[in-house]
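Q: Structure supplied as entry-v1.cif; contents: mmCIF, C-alpha atoms.
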data_start
loop_
_atom_site.label_atom_id
_atom_site.label_comp_id
_atom_site.auth_asym_id
_atom_site.auth_seq_id
_atom_site.Cartn_x
_atom_site.Cartn_y
_atom_site.Cartn_z
CA MET A 1 0.00 0.00 0.00
CA ASN A 2 1.46 3.34 -0.99
CA ALA A 3 1.30 6.26 1.40
CA SER A 4 0.96 9.82 0.21
CA PRO A 5 3.75 12.22 1.09
CA PRO A 6 3.14 14.60 3.99
CA GLY A 7 0.71 17.35 3.06
CA ASP A 8 -1.19 15.40 0.41
CA ALA A 9 -4.94 15.04 0.65
CA PRO A 10 -6.20 12.41 3.07
CA GLY A 11 -6.83 8.93 1.75
CA GLU A 12 -10.28 7.77 0.74
CA GLY A 13 -10.41 4.56 2.77
CA ARG A 14 -12.69 4.07 5.74
CA TYR A 15 -12.03 3.38 9.38
CA GLY A 16 -13.07 -0.19 10.15
CA GLU A 17 -12.34 -1.47 6.66
CA ALA A 18 -8.65 -1.52 5.77
CA PHE A 19 -7.72 -1.05 9.41
CA PHE A 20 -9.46 -1.62 12.77
CA ARG A 21 -11.95 -4.05 11.32
CA PRO A 22 -14.53 -5.09 13.93
CA ASP A 23 -14.36 -8.71 12.75
CA ARG A 24 -10.68 -8.99 13.71
CA ALA A 25 -10.00 -10.80 16.96
CA GLY A 26 -9.23 -8.41 19.80
CA GLU A 27 -10.71 -5.24 18.27
CA ALA A 28 -13.28 -4.86 21.04
CA GLU A 29 -10.49 -5.14 23.60
CA ARG A 30 -8.48 -2.44 21.81
CA ILE A 31 -11.47 -0.10 21.92
CA ASP A 32 -12.00 -0.89 25.59
CA PHE A 33 -8.39 0.03 26.41
CA GLY A 34 -9.19 3.49 25.04
CA ALA A 35 -12.39 3.54 27.08
CA LEU A 36 -10.48 2.72 30.26
CA ALA A 37 -8.15 5.64 29.56
CA TYR A 38 -10.82 8.22 28.75
CA ASP A 39 -14.28 7.22 30.02
CA ASP A 40 -13.93 8.77 33.48
CA ILE A 41 -12.98 12.12 31.92
CA THR A 42 -15.86 11.91 29.44
CA MET A 43 -18.39 11.02 32.12
CA ALA A 44 -17.24 13.81 34.44
CA ARG A 45 -17.79 16.32 31.63
CA LEU A 46 -21.20 14.93 30.66
CA ARG A 47 -22.37 15.05 34.29
CA ALA A 48 -21.06 18.62 34.64
CA LEU A 49 -23.10 19.58 31.57
CA GLY A 50 -26.24 18.28 33.24
CA ALA A 51 -26.77 14.80 31.79
CA GLY A 52 -29.40 13.23 33.99
CA PRO A 53 -32.98 12.02 34.41
CA GLY A 54 -35.24 12.67 31.44
CA TRP A 55 -32.46 13.24 28.93
CA ARG A 56 -32.64 11.56 25.55
CA CYS A 57 -29.09 10.96 24.33
CA LEU A 58 -27.46 10.14 21.00
CA ASP A 59 -24.04 8.47 21.17
CA ILE A 60 -22.43 8.57 17.71
CA GLY A 61 -19.69 6.07 16.89
CA ALA A 62 -20.45 4.33 20.15
CA GLY A 63 -17.93 1.50 19.72
CA THR A 64 -18.41 -1.04 22.49
CA GLY A 65 -20.96 1.19 24.24
CA THR A 66 -19.11 1.98 27.45
CA VAL A 67 -20.20 5.63 27.51
CA SER A 68 -23.76 4.75 26.52
CA ARG A 69 -24.11 2.24 29.31
CA ARG A 70 -22.51 4.52 31.90
CA LEU A 71 -24.91 7.32 30.97
CA LEU A 72 -27.80 4.98 31.67
CA GLY A 73 -26.35 3.46 34.80
CA GLU A 74 -24.71 6.48 36.45
CA THR A 75 -26.77 9.49 35.39
CA ALA A 76 -30.16 7.81 34.92
CA VAL A 77 -30.83 9.42 31.55
CA ALA A 78 -34.09 8.33 29.98
CA SER A 79 -32.59 6.67 26.92
CA VAL A 80 -29.48 6.37 24.78
CA LEU A 81 -29.46 5.67 21.06
CA ALA A 82 -26.02 4.29 20.19
CA VAL A 83 -25.10 4.62 16.51
CA ASP A 84 -22.24 2.89 14.73
CA ARG A 85 -21.48 1.56 11.27
CA ASP A 86 -21.17 -1.87 12.89
CA VAL A 87 -23.15 -2.57 16.05
CA ARG A 88 -21.93 -6.08 16.86
CA PHE A 89 -20.10 -4.90 20.00
CA LEU A 90 -23.10 -2.87 21.13
CA ASP A 91 -25.57 -5.69 20.59
CA ALA A 92 -23.29 -8.06 22.49
CA ARG A 93 -23.70 -5.94 25.65
CA PRO A 94 -27.36 -4.87 25.90
CA ALA A 95 -28.62 -2.65 28.70
CA PRO A 96 -32.06 -1.34 29.72
CA GLY A 97 -32.76 1.92 27.89
CA LEU A 98 -30.05 1.32 25.27
CA ARG A 99 -31.12 1.18 21.64
CA THR A 100 -28.72 0.61 18.75
CA LEU A 101 -28.76 1.82 15.17
CA GLN A 102 -26.40 0.57 12.47
CA ALA A 103 -25.89 3.59 10.25
CA ASP A 104 -23.31 5.74 8.50
CA VAL A 105 -23.57 9.29 9.84
CA THR A 106 -21.91 10.67 6.70
CA ALA A 107 -24.76 9.43 4.49
CA PRO A 108 -27.55 11.85 3.56
CA GLY A 109 -30.48 11.28 5.86
CA PHE A 110 -28.51 8.85 8.02
CA ALA A 111 -31.30 8.96 10.60
CA PRO A 112 -34.57 9.58 8.75
CA GLY A 113 -36.58 9.07 11.93
CA PHE A 114 -34.83 11.88 13.79
CA ALA A 115 -36.62 15.19 13.86
CA PRO A 116 -34.71 18.36 14.71
CA GLY A 117 -34.66 18.76 18.45
CA SER A 118 -34.75 15.05 19.27
CA PHE A 119 -31.97 14.90 21.88
CA GLN A 120 -30.76 16.75 24.95
CA LEU A 121 -27.26 15.32 24.36
CA VAL A 122 -25.41 14.43 21.18
CA HIS A 123 -22.00 12.92 21.88
CA ALA A 124 -19.26 11.72 19.53
CA ARG A 125 -15.79 10.63 20.65
CA PHE A 126 -12.94 9.74 18.27
CA VAL A 127 -15.32 9.90 15.32
CA LEU A 128 -14.96 13.14 13.36
CA MET A 129 -11.17 12.83 13.16
CA HIS A 130 -11.73 9.88 10.81
CA LEU A 131 -14.37 11.59 8.63
CA PRO A 132 -14.37 14.30 5.97
CA GLU A 133 -16.69 17.33 5.99
CA ARG A 134 -16.47 17.85 9.72
CA ASP A 135 -18.16 21.25 9.57
CA ARG A 136 -21.18 19.80 7.74
CA LEU A 137 -21.48 16.95 10.23
CA ILE A 138 -21.19 19.27 13.21
CA GLY A 139 -24.02 21.34 11.77
CA ARG A 140 -26.13 18.23 11.32
CA PHE A 141 -25.47 17.08 14.88
CA ALA A 142 -26.37 20.52 16.25
CA GLU A 143 -29.73 20.40 14.46
CA LEU A 144 -30.65 17.28 16.43
CA LEU A 145 -30.42 19.09 19.77
CA THR A 146 -33.39 20.32 21.72
CA PRO A 147 -33.19 23.99 22.79
CA GLY A 148 -30.77 23.97 25.70
CA GLY A 149 -29.28 20.64 24.60
CA VAL A 150 -25.54 20.09 24.37
CA LEU A 151 -23.24 18.79 21.68
CA VAL A 152 -20.04 17.20 23.03
CA LEU A 153 -17.21 16.22 20.69
CA SER A 154 -13.93 14.59 21.65
CA ASP A 155 -11.04 13.81 19.31
CA ALA A 156 -7.32 13.25 19.47
CA VAL A 157 -4.72 15.99 19.31
CA ASP A 158 -1.17 15.10 18.31
CA LEU A 159 1.32 16.52 20.82
CA THR A 160 4.46 15.55 18.93
CA SER A 161 6.32 18.24 17.02
CA GLU A 162 9.59 18.78 15.21
CA ARG A 163 11.13 19.60 18.61
CA THR A 164 9.93 16.40 20.27
CA PRO A 165 12.95 14.24 21.19
CA ALA A 166 13.44 11.36 18.78
CA THR A 167 12.44 8.13 20.52
CA PRO A 168 10.94 4.87 19.29
CA TYR A 169 7.60 6.21 20.54
CA SER A 170 7.69 9.56 18.74
CA THR A 171 8.82 7.89 15.51
CA ALA A 172 5.99 5.38 15.68
CA MET A 173 3.39 8.06 16.44
CA ARG A 174 4.46 10.22 13.50
CA ALA A 175 4.31 7.19 11.21
CA MET A 176 0.89 6.23 12.57
CA TRP A 177 -0.69 9.64 12.00
CA GLN A 178 0.82 9.97 8.52
CA GLY A 179 -0.05 6.40 7.55
CA LEU A 180 -3.66 6.62 8.73
CA ARG A 181 -4.13 9.96 6.99
CA ALA A 182 -2.83 8.49 3.73
CA THR A 183 -5.00 5.37 3.90
CA ILE A 184 -8.25 6.00 5.78
CA GLY A 185 -8.26 9.80 5.95
CA THR A 186 -7.67 10.21 9.68
CA ASP A 187 -6.74 13.86 10.23
CA VAL A 188 -6.29 15.37 13.67
CA SER A 189 -4.85 18.65 12.40
CA SER A 190 -8.27 20.37 12.39
CA VAL A 191 -9.35 19.19 15.86
CA PRO A 192 -8.24 22.46 17.56
CA SER A 193 -10.71 24.29 15.28
CA TYR A 194 -13.72 22.52 16.81
CA PRO A 195 -14.68 25.42 19.15
CA HIS A 196 -14.90 27.69 16.10
CA LEU A 197 -16.97 25.10 14.22
CA LEU A 198 -19.41 24.75 17.12
CA ARG A 199 -19.87 28.51 17.22
CA GLY A 200 -20.42 28.44 13.47
CA ALA A 201 -23.14 25.84 13.99
CA GLY A 202 -25.02 28.35 16.15
CA LEU A 203 -24.14 26.93 19.56
CA ASP A 204 -23.56 29.06 22.68
CA HIS A 205 -21.45 28.61 25.80
CA VAL A 206 -18.72 26.90 23.77
CA ALA A 207 -15.73 25.71 25.77
CA ALA A 208 -13.04 23.05 25.64
CA GLU A 209 -10.63 21.03 27.75
CA ILE A 210 -7.80 18.61 27.07
CA HIS A 211 -6.80 15.44 28.87
CA VAL A 212 -3.45 13.68 28.40
CA PRO A 213 -3.30 10.28 30.14
CA PRO A 214 0.10 9.28 31.51
CA LEU A 215 2.13 6.72 29.59
CA VAL A 216 3.20 4.23 32.23
CA PRO A 217 3.99 0.55 31.68
CA GLY A 218 0.89 -1.59 31.62
CA SER A 219 -1.54 1.35 31.54
CA ALA A 220 -4.66 1.20 29.44
CA ILE A 221 -3.47 3.98 27.13
CA SER A 222 -0.08 2.34 26.60
CA ARG A 223 -1.77 -0.93 25.71
CA PHE A 224 -4.16 0.96 23.41
CA TRP A 225 -1.31 2.54 21.42
CA SER A 226 0.63 -0.70 21.26
CA ASP A 227 -2.38 -2.55 19.88
CA THR A 228 -3.22 0.32 17.51
CA TRP A 229 0.30 0.22 16.04
CA GLN A 230 0.06 -3.53 15.54
CA ARG A 231 -3.22 -3.15 13.67
CA SER A 232 -2.03 -0.22 11.52
CA ARG A 233 1.47 -1.62 10.97
CA GLN A 234 1.09 -1.84 7.18
CA ALA A 235 0.13 1.83 6.87
CA MET A 236 2.93 2.89 9.22
CA VAL A 237 5.65 0.99 7.35
CA ALA A 238 4.38 2.34 4.02
CA THR A 239 5.26 5.89 5.12
CA GLY A 240 8.97 5.05 5.12
CA LEU A 241 9.29 6.66 8.55
CA VAL A 242 9.51 3.36 10.41
CA ASP A 243 10.04 -0.32 9.67
CA ASP A 244 8.77 -3.43 11.42
CA ALA A 245 11.76 -3.46 13.75
CA GLY A 246 11.05 0.17 14.65
CA ILE A 247 7.44 -0.59 15.55
CA ASP A 248 8.56 -3.53 17.69
CA ALA A 249 11.05 -1.22 19.42
CA ALA A 250 8.29 1.32 20.07
CA VAL A 251 6.11 -1.36 21.68
CA ARG A 252 9.00 -2.39 23.94
CA TYR A 253 9.64 1.26 24.79
CA LEU A 254 6.03 1.75 25.89
CA GLU A 255 6.35 -1.27 28.15
CA SER A 256 9.60 -0.09 29.77
CA ASP A 257 10.42 2.26 32.63
CA ALA A 258 12.54 4.22 30.14
CA CYS A 259 9.41 5.58 28.45
CA ALA A 260 9.28 9.36 28.76
CA ALA A 261 6.70 10.74 26.34
CA LEU A 262 3.34 12.42 25.98
CA SER A 263 0.38 10.46 24.75
CA ALA A 264 -1.84 12.06 22.18
CA GLY A 265 -4.37 14.13 24.09
CA MET A 266 -8.14 14.04 23.98
CA LEU A 267 -9.62 17.46 23.24
CA THR A 268 -13.26 17.73 24.33
CA VAL A 269 -15.35 20.62 23.04
CA TRP A 270 -18.95 21.39 23.91
CA GLY A 271 -21.65 23.90 23.09
CA GLN A 272 -25.30 24.49 23.92
CA LYS A 273 -28.17 25.07 21.54
CA PRO A 274 -29.79 28.43 22.39
CA GLN A 275 -33.07 28.35 24.26
CA GLU A 276 -36.09 29.42 22.25
CA PRO A 277 -37.25 32.91 23.13
CA THR A 278 -40.28 33.06 25.38
CA GLY A 279 -43.18 35.39 25.28
#
Represent the structure of the file as structure tokens.
A:
Amino acid sequence: MNASPPGDAPGEGRYGEAFFRPDRAGEAERIDFGALAYDDITMARLRALGAGPGWRCLDIGAGTGTVSRRLLGETAVASVLAVDRDVRFLDARPAPGLRTLQADVTAPGFAPGFAPGSFQLVHARFVLMHLPERDRLIGRFAELLTPGGVLVLSDAVDLTSERTPATPYSTAMRAMWQGLRATIGTDVSSVPSYPHLLRGAGLDHVAAEIHVPPLVPGSAISRFWSDTWQRSRQAMVATGLVDDAGIDAAVRYLESDACAALSAGMLTVWGQKPQEPTG
């Protein structure tokens, strides 16, 4: 597989097809490692934004459904509709109040039964970074909110730079981002623009926060990156930035006490749909 040079347009592949296929053994576990690293942060933010009894929630790209189920179990929301292009992991772990919908949110009319104003919460984590036309999708998600409802988006931000010390980890991360951009279109470069895009979608009270989990041996985030590199190895090697031996060295580095690096962060951005005027 040939990778495009840095700066070329993102590839036209799809997440879950060439890489991170849900039918590959261990993919649910890889997703759950990410959930272990980030779910507590996500849930704290959703609770702070008011998620609670009576709320109807839409969880886009719900993966294995950890956030959906925690919303139901910890905040007692009325219902959660969990949407994904493949719902096998969601259907394998049912919960009272959880409905699933197999759909592609990039398709026109992806949810023909949804009227504007259907949900108090629309949440998407690690979804838009893999999709084109983020501004159009953000506008569509905002339309689904009730007045006063909140849109919450979380995606990765790459914290490596040209000044980052060269280590097996930083080399592997650069190769991963470039390889995934060239093959399936993953692009985290626009993630810092999300607050502006939410304002452009007509939302108020826009704010953001970033969380960077520590890379320590055996941690959930370290195991997530190690597994992610294994599953995207072909795209990484195709960049020419790293070879198989380099990826293996990066995995060993993550598992060692010598590791001294920053994980990619999770940037969470939220905004509220204005209340309808009264009187």
Q: Between A:Thr183, A:Gln275, A:Gln120, A:Ser170, single out the one closest to Leu262 (chain A), counting all atoms listed in the file.
A: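 The closest residue to Leu262 (chain A) is A:Ser170.
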Q: What separation in Å, quoted to one decimal, exists between CA of Ser189 (chain A) and CA of Leu203 (chain A)?
A: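 Value for the CA of Ser189 (chain A)-CA of Leu203 (chain A) distance: 22.2 Å.
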Q: Phe126 (chain A): which residues within 7 Å, counting all atoms listed in the file, same-chain residues fewer than 2 positions away excluded, as a PyMOL selection string?
A: chain A and resi 124+128-129+154-156
Q: Next, dump the selected residues to file, keeping only C-alpha atoms, as a CSV table (one decimal), in the coordinates of the input.
A:
chain,number,residue,atom,x,y,z
A,124,ALA,CA,-19.3,11.7,19.5
A,128,LEU,CA,-15.0,13.1,13.4
A,129,MET,CA,-11.2,12.8,13.2
A,154,SER,CA,-13.9,14.6,21.6
A,155,ASP,CA,-11.0,13.8,19.3
A,156,ALA,CA,-7.3,13.2,19.5
Q: Please write the residues picked by the PyMOL selection byres ((chain A and resi 161) around 12) on this file as a PyMOL selection string.
A: chain A and resi 157-160+162-166+170-171+173-174+261-262+264
Q: Keeping C-alpha atoms for every residue in the selection just given, could you write it to a file as a compact mmCIF listing (two decimals), keeping the file's coordinate frame?
A:
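Contents of out-v7.txt, freshly written:
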# COMPACT_ATOMS: atom_id res chain seq x y z
CA VAL A 157 -4.72 15.99 19.31
CA ASP A 158 -1.17 15.10 18.31
CA LEU A 159 1.32 16.52 20.82
CA THR A 160 4.46 15.55 18.93
CA GLU A 162 9.59 18.78 15.21
CA ARG A 163 11.13 19.60 18.61
CA THR A 164 9.93 16.40 20.27
CA PRO A 165 12.95 14.24 21.19
CA ALA A 166 13.44 11.36 18.78
CA SER A 170 7.69 9.56 18.74
CA THR A 171 8.82 7.89 15.51
CA MET A 173 3.39 8.06 16.44
CA ARG A 174 4.46 10.22 13.50
CA ALA A 261 6.70 10.74 26.34
CA LEU A 262 3.34 12.42 25.98
CA ALA A 264 -1.84 12.06 22.18
Q: I need the residue set behind the PyMOL selection byres ((chain A and resi 69-73) around 10) for this file; please write it as a PDB file with C-alpha atoms, in the frame of the given file.
A:
ATOM      1  CA  ASP A  39     -14.280   7.220  30.020  1.00  0.00           C
ATOM      2  CA  ASP A  40     -13.930   8.770  33.480  1.00  0.00           C
ATOM      3  CA  MET A  43     -18.390  11.020  32.120  1.00  0.00           C
ATOM      4  CA  LEU A  46     -21.200  14.930  30.660  1.00  0.00           C
ATOM      5  CA  ARG A  47     -22.370  15.050  34.290  1.00  0.00           C
ATOM      6  CA  ALA A  51     -26.770  14.800  31.790  1.00  0.00           C
ATOM      7  CA  GLY A  52     -29.400  13.230  33.990  1.00  0.00           C
ATOM      8  CA  PRO A  53     -32.980  12.020  34.410  1.00  0.00           C
ATOM      9  CA  TRP A  55     -32.460  13.240  28.930  1.00  0.00           C
ATOM     10  CA  CYS A  57     -29.090  10.960  24.330  1.00  0.00           C
ATOM     11  CA  ASP A  59     -24.040   8.470  21.170  1.00  0.00           C
ATOM     12  CA  THR A  64     -18.410  -1.040  22.490  1.00  0.00           C
ATOM     13  CA  GLY A  65     -20.960   1.190  24.240  1.00  0.00           C
ATOM     14  CA  THR A  66     -19.110   1.980  27.450  1.00  0.00           C
ATOM     15  CA  VAL A  67     -20.200   5.630  27.510  1.00  0.00           C
ATOM     16  CA  SER A  68     -23.760   4.750  26.520  1.00  0.00           C
ATOM     17  CA  GLU A  74     -24.710   6.480  36.450  1.00  0.00           C
ATOM     18  CA  THR A  75     -26.770   9.490  35.390  1.00  0.00           C
ATOM     19  CA  ALA A  76     -30.160   7.810  34.920  1.00  0.00           C
ATOM     20  CA  VAL A  77     -30.830   9.420  31.550  1.00  0.00           C
ATOM     21  CA  ALA A  78     -34.090   8.330  29.980  1.00  0.00           C
ATOM     22  CA  SER A  79     -32.590   6.670  26.920  1.00  0.00           C
ATOM     23  CA  VAL A  80     -29.480   6.370  24.780  1.00  0.00           C
ATOM     24  CA  ALA A  82     -26.020   4.290  20.190  1.00  0.00           C
ATOM     25  CA  LEU A  90     -23.100  -2.870  21.130  1.00  0.00           C
ATOM     26  CA  ARG A  93     -23.700  -5.940  25.650  1.00  0.00           C
ATOM     27  CA  PRO A  94     -27.360  -4.870  25.900  1.00  0.00           C
ATOM     28  CA  ALA A  95     -28.620  -2.650  28.700  1.00  0.00           C
ATOM     29  CA  PRO A  96     -32.060  -1.340  29.720  1.00  0.00           C
ATOM     30  CA  GLY A  97     -32.760   1.920  27.890  1.00  0.00           C
ATOM     31  CA  LEU A  98     -30.050   1.320  25.270  1.00  0.00           C
TER      32      LEU A  98
END
Q: Given all atoms listed in the file as the basis, pick out the residue of A:Arg231, A:Arg140, A:His211, A:Arg199 nearest to Gly109 (chain A).
A: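 Nearest to Gly109 (chain A): A:Arg140.
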Q: Applied to the shown file, which residues does the PyMOL selection byres ((chain A and resi 242) around 12) return, written as a PyMOL selection string?
A: chain A and resi 167-176+178-179+229+233-241+243-250
Q: Mind listing whatever residues come within 12 Å of the point (-16.4, 15.9, 18.7)? Use all atoms listed in the file, file coordinates, and give them as a PyMOL selection string.
A: chain A and resi 42+59-61+122-131+134-135+137-139+141-142+150-157+188+190-195+197-198+208-209+266-271
Q: Quick check, in Å to one decimal: how far apart do CA of Pro22 (chain A) and CA of Ala62 (chain A) lie?
A: 12.7 Å
Q: For CA of Gly13 (chain A) and CA of Pro132 (chain A), determine how far apart the two atoms are, in Å to one decimal place.
A: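 CA of Pro132 (chain A) lies 11.0 Å from CA of Gly13 (chain A).
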